[in-house]
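Coordinates from upload19.txt are shown below (compact mmCIF, C-alpha atoms).
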```
# COMPACT_ATOMS: atom_id res chain seq x y z
CA MET H 295 105.01 109.48 109.99
CA LEU H 296 103.30 106.19 109.27
CA THR H 297 102.22 104.12 112.22
CA HIS H 298 102.18 100.36 112.73
CA ALA H 299 98.36 100.41 112.88
CA GLN H 300 98.06 102.37 109.61
CA ILE H 301 100.19 99.92 107.65
CA TRP H 302 98.27 96.89 108.92
CA MET H 303 94.96 98.66 108.29
CA ALA H 304 96.00 99.25 104.68
CA ILE H 305 96.75 95.55 104.28
CA ASP H 306 93.33 94.69 105.68
CA ARG H 307 91.73 97.17 103.30
CA LEU H 308 93.70 95.77 100.36
CA ALA H 309 92.41 92.30 101.23
CA ALA H 310 88.81 93.55 101.56
CA ARG H 311 89.00 95.28 98.16
CA SER H 312 89.83 91.90 96.63
CA ARG H 313 87.12 90.15 98.66
CA LEU H 314 89.70 88.28 100.69
CA SER H 315 90.50 87.81 104.33
CA ALA H 316 94.00 88.77 105.50
CA SER H 317 94.88 85.07 105.39
CA GLY H 318 93.43 84.76 101.90
CA LEU H 319 95.50 87.71 100.71
CA ALA H 320 98.70 86.17 102.07
CA LYS H 321 97.92 82.88 100.38
CA ARG H 322 97.17 84.53 97.03
CA ALA H 323 100.46 86.42 97.29
CA GLY H 324 102.35 83.15 97.69
CA LEU H 325 103.10 83.78 101.35
CA ASP H 326 102.48 81.65 104.40
CA PRO H 327 98.69 81.97 105.06
CA THR H 328 99.41 83.20 108.59
CA THR H 329 101.73 86.04 107.48
CA PHE H 330 99.11 88.76 107.96
CA ASN H 331 97.23 87.17 110.85
CA LYS H 332 96.47 89.40 113.82
CA SER H 333 98.55 87.16 116.06
CA LYS H 334 101.62 87.91 113.91
CA ARG H 335 101.35 91.69 114.29
CA ILE H 336 102.66 91.78 117.84
CA THR H 337 105.60 89.73 119.11
CA ALA H 338 105.38 87.50 122.17
CA ASP H 339 107.06 90.21 124.27
CA GLY H 340 104.59 92.87 123.10
CA ARG H 341 106.66 94.63 120.43
CA ALA H 342 105.07 95.78 117.17
CA ARG H 343 105.93 93.55 114.21
CA TRP H 344 105.85 95.28 110.82
CA PRO H 345 105.04 93.57 107.52
CA SER H 346 108.06 93.23 105.23
CA THR H 347 108.36 95.29 102.07
CA GLU H 348 108.57 91.99 100.17
CA SER H 349 105.25 90.77 101.55
CA ILE H 350 103.58 94.09 100.66
CA ALA H 351 105.07 94.03 97.16
CA LYS H 352 103.86 90.47 96.57
CA SER H 353 100.40 91.42 97.82
CA LEU H 354 100.21 94.36 95.44
CA THR H 355 101.22 92.14 92.54
CA ALA H 356 98.70 89.47 93.53
CA THR H 357 95.82 91.96 93.68
CA GLY H 358 96.87 94.12 90.73
CA ALA H 359 97.13 97.19 92.96
CA THR H 360 99.76 99.91 92.62
CA LEU H 361 101.91 101.39 95.36
CA GLU H 362 99.99 104.65 94.97
CA GLN H 363 96.72 102.82 95.60
CA PHE H 364 98.18 101.17 98.68
CA VAL H 365 99.25 104.57 100.02
CA ALA H 366 95.74 105.85 99.35
CA LEU H 367 94.34 103.03 101.50
CA ILE H 368 96.50 104.29 104.36
CA ALA H 369 95.30 107.88 103.94
CA ASP H 370 91.60 107.18 103.28
CA GLU H 371 89.90 108.07 106.55
CA THR H 372 86.43 107.48 105.08
CA GLN H 373 86.89 103.73 105.45
CA PRO H 374 85.93 102.51 108.93
CA ASN H 375 88.69 101.13 111.11
CA GLY H 376 88.63 97.38 111.42
CA GLY H 377 87.32 96.64 107.95
CA ALA H 378 84.97 98.18 105.43
CA ALA H 379 83.99 94.69 104.39
CA VAL H 380 84.15 91.15 105.72
CA PRO H 381 84.48 87.89 103.77
CA LEU H 382 81.17 86.16 103.05
CA ILE H 383 80.43 82.49 102.48
CA GLY H 384 77.26 80.42 102.23
CA LEU H 385 76.41 78.14 105.14
CA ALA H 386 76.49 75.08 102.89
CA ASP H 387 80.10 75.89 101.93
CA THR H 388 81.45 76.28 105.46
CA GLY H 389 82.12 72.55 105.72
CA THR H 390 84.18 72.54 102.53
CA GLY H 391 87.88 71.94 103.07
CA GLY H 392 90.23 74.90 102.75
CA ARG H 393 87.74 77.58 103.83
CA PHE H 394 89.17 77.98 107.33
CA ASP H 395 92.54 77.47 108.98
CA ASP H 396 93.00 75.51 112.22
CA HIS H 397 92.08 78.58 114.30
CA GLY H 398 88.76 79.16 112.54
CA PHE H 399 90.05 82.12 110.51
CA PRO H 400 88.74 82.43 106.94
CA THR H 401 91.27 81.48 104.28
CA GLY H 402 91.50 80.29 100.70
CA ASP H 403 89.33 81.16 97.72
CA GLY H 404 85.56 80.95 97.27
CA TRP H 405 84.70 83.91 99.49
CA ASP H 406 82.58 86.90 98.54
CA ALA H 407 82.38 90.04 100.71
CA ILE H 408 79.80 92.33 102.30
CA PRO H 409 80.20 95.82 103.80
CA PHE H 410 80.43 95.74 107.58
CA PRO H 411 81.85 98.94 109.10
CA GLY H 412 83.41 99.03 112.53
CA VAL H 413 84.19 95.39 113.25
CA GLU H 414 87.42 95.21 115.26
CA ASP H 415 88.28 91.57 114.60
CA THR H 416 90.33 91.44 111.39
CA HIS H 417 89.43 87.75 111.06
CA ALA H 418 85.66 88.33 111.26
CA TYR H 419 83.54 86.90 108.46
CA ALA H 420 79.91 86.56 107.44
CA VAL H 421 77.85 83.45 106.74
CA GLU H 422 74.70 83.53 104.62
CA ILE H 423 72.01 81.24 105.98
CA THR H 424 70.28 79.10 103.39
CA GLY H 425 67.10 77.11 103.82
CA ASP H 426 64.82 76.88 106.85
CA ALA H 427 66.89 74.60 109.11
CA LEU H 428 67.62 77.44 111.57
CA GLU H 429 64.17 79.05 111.70
CA PRO H 430 62.81 80.90 113.56
CA ALA H 431 66.19 82.18 114.80
CA TYR H 432 67.58 82.78 111.32
CA ARG H 433 65.58 82.84 108.10
CA ASP H 434 66.77 82.00 104.61
CA GLY H 435 69.03 84.81 103.36
CA THR H 436 70.05 86.08 106.81
CA HIS H 437 73.68 87.17 107.15
CA ILE H 438 75.38 86.41 110.45
CA VAL H 439 78.75 87.98 111.28
CA VAL H 440 81.15 85.77 113.22
CA SER H 441 84.14 86.91 115.28
CA PRO H 442 86.77 84.26 116.06
CA ALA H 443 88.42 86.72 118.49
CA ALA H 444 85.30 87.44 120.56
CA PRO H 445 85.08 85.72 123.95
CA VAL H 446 82.44 82.99 124.06
CA ARG H 447 80.10 82.78 127.04
CA ARG H 448 77.10 80.75 128.05
CA GLY H 449 74.02 81.88 126.13
CA ASP H 450 75.96 83.13 123.12
CA ARG H 451 75.04 81.97 119.66
CA VAL H 452 78.05 80.29 118.13
CA ILE H 453 79.30 78.52 115.05
CA VAL H 454 81.17 75.29 115.79
CA ARG H 455 83.32 73.23 113.47
CA THR H 456 84.03 69.64 114.43
CA ARG H 457 87.16 67.75 113.49
CA SER H 458 85.03 65.61 111.19
CA GLY H 459 84.22 68.74 109.14
CA ALA H 460 80.64 69.36 110.34
CA VAL H 461 79.65 72.99 110.98
CA LEU H 462 76.92 73.73 113.52
CA VAL H 463 75.13 76.96 114.38
CA ARG H 464 73.84 76.67 117.93
CA GLU H 465 73.54 78.39 121.31
CA LEU H 466 76.25 77.61 123.84
CA LYS H 467 74.42 76.06 126.76
CA ARG H 468 77.35 74.87 128.85
CA LYS H 469 81.10 74.49 128.49
CA THR H 470 83.45 72.49 130.67
CA ALA H 471 87.06 71.41 130.34
CA ARG H 472 85.90 68.22 128.63
CA THR H 473 82.57 68.91 126.95
CA LEU H 474 80.59 71.44 124.98
CA GLU H 475 76.80 71.39 125.32
CA LEU H 476 74.95 73.06 122.46
CA LYS H 477 71.31 74.08 122.37
CA SER H 478 69.47 73.87 119.08
CA LEU H 479 68.02 77.07 117.64
CA ARG H 480 64.92 75.12 116.54
CA PRO H 481 62.22 74.53 119.18
CA GLY H 482 61.79 70.87 120.10
CA GLU H 483 65.14 69.75 118.66
CA ASP H 484 67.45 67.91 121.03
CA ASP H 485 70.56 69.52 122.47
CA ARG H 486 73.92 68.18 121.34
CA MET H 487 76.89 67.25 123.50
CA LEU H 488 80.41 67.24 122.05
CA THR H 489 83.68 66.39 123.71
CA THR H 490 86.43 68.97 123.42
CA ASP H 491 88.42 66.44 121.39
CA GLU H 492 85.66 66.51 118.76
CA VAL H 493 85.73 70.31 118.42
CA GLN H 494 88.16 72.04 116.10
CA TRP H 495 87.05 75.60 116.89
CA VAL H 496 84.19 77.68 118.28
CA ALA H 497 83.43 81.28 117.26
CA ARG H 498 80.83 83.73 118.47
CA VAL H 499 78.04 85.20 116.32
CA ILE H 500 78.21 88.95 116.99
CA TRP H 501 75.52 90.26 114.62
CA ALA H 502 72.68 89.11 112.39
CA SER H 503 70.92 90.96 109.58
CA GLN H 504 67.48 90.49 111.06
```
Kindly return the structure encoded in the file as structure tokens.
Amino acid sequence: MLTHAQIWMAIDRLAARSRLSASGLAKRAGLDPTTFNKSKRITADGRARWPSTESIAKSLTATGATLEQFVALIADETQPNGGAAVPLIGLADTGTGGRFDDHGFPTGDGWDAIPFPGVEDTHAYAVEITGDALEPAYRDGTHIVVSPAAPVRRGDRVIVRTRSGAVLVRELKRKTARTLELKSLRPGEDDRMLTTDEVQWVARVIWASQ
């Protein structure tokens, strides 16, 4: 008997095979971009919500996959739970419109992918650092994996997108109901203070390749 978790895992794997996030897969299939979001998989009263056969069929068509291949994704236990791959984007492209939804989840086209076994957040993604602006914390070519679902605490390294479209990689120094104080990763560079009204979303860096 198929379980709720197995079906959703297969959808995540189908998206990863096409180098898409779950949101990106839904969009490519002509569905609402939030159709496959993690928040849509459980109802407000805690009941499991299953994807419709129509949404699965459209996703298969959009990715060129067969039903047999989809079933194989359910049965393939060699792929780590939570995603064999995560979407990847260059740091310079993170400020481009259409890369993220309002919650900071990756969406749209223009994403690559890298293997990253074991991540539990289905909306996790990777950013490739370019240039020396974040040295010595992150060198050119470093991959950082970001989890929008991870709780953010003081001292965490985070990626912040402002409502003006700027994307910052910083350390969270202090957070209040009205402000966000960010510490630069470069020695000698001034801290930055943002009001909560200026911030679109904040997500935690959970791993770096160096």
**Q.** Minimum-distance residue to Asp395 in chain H, chosen among H:Lys477, H:Arg498, H:His417, H:Lys467 (using all atoms listed in the file)
**A.** H:His417
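Closest approach to Leu466 in chain H among H:Ile408, H:Ala497, H:Ala338, H:Val440: H:Ala497, based on only C-alpha atoms.
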Q | Selection as a ChimeraX atom specification: residues within 7 Å of (79.8, 75.5, 117.3), counting only C-alpha atoms | A | /H:452-455,461-464,496-497
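The spacing separating CA of Gly482 in chain H from CA of Gly425 in chain H amounts to 18.2 Å.
A straight line drawn from CA of Val499 in chain H to CA of Thr388 in chain H is 14.5 Å long.
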Q.
Which residues are close to Thr456 in chain H, i.e. within 6 Å by all atoms listed in the file, leaving aside same-chain residues fewer than 3 positions away? Reply as a PyMOL selection string.
A. chain H and resi 459-460+492-494
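Taking all atoms listed in the file into account, Val439 in chain H lies nearest to H:Gly384 out of the set H:Gly384, H:Ser458, H:Arg472, H:Leu488.
Taking all atoms listed in the file, the non-local environment of Arg322 in chain H within 12 Å (same-chain residues fewer than 6 positions away omitted) comprises Ala309, Ser312, Arg313, Leu314, Ser315, Ala316, Thr328, Thr329, Phe330, Ser349, Lys352, Ser353, Leu354, Thr355, Ala356, Thr357, Gly358, Thr401, Gly402 and Asp403 of chain H.
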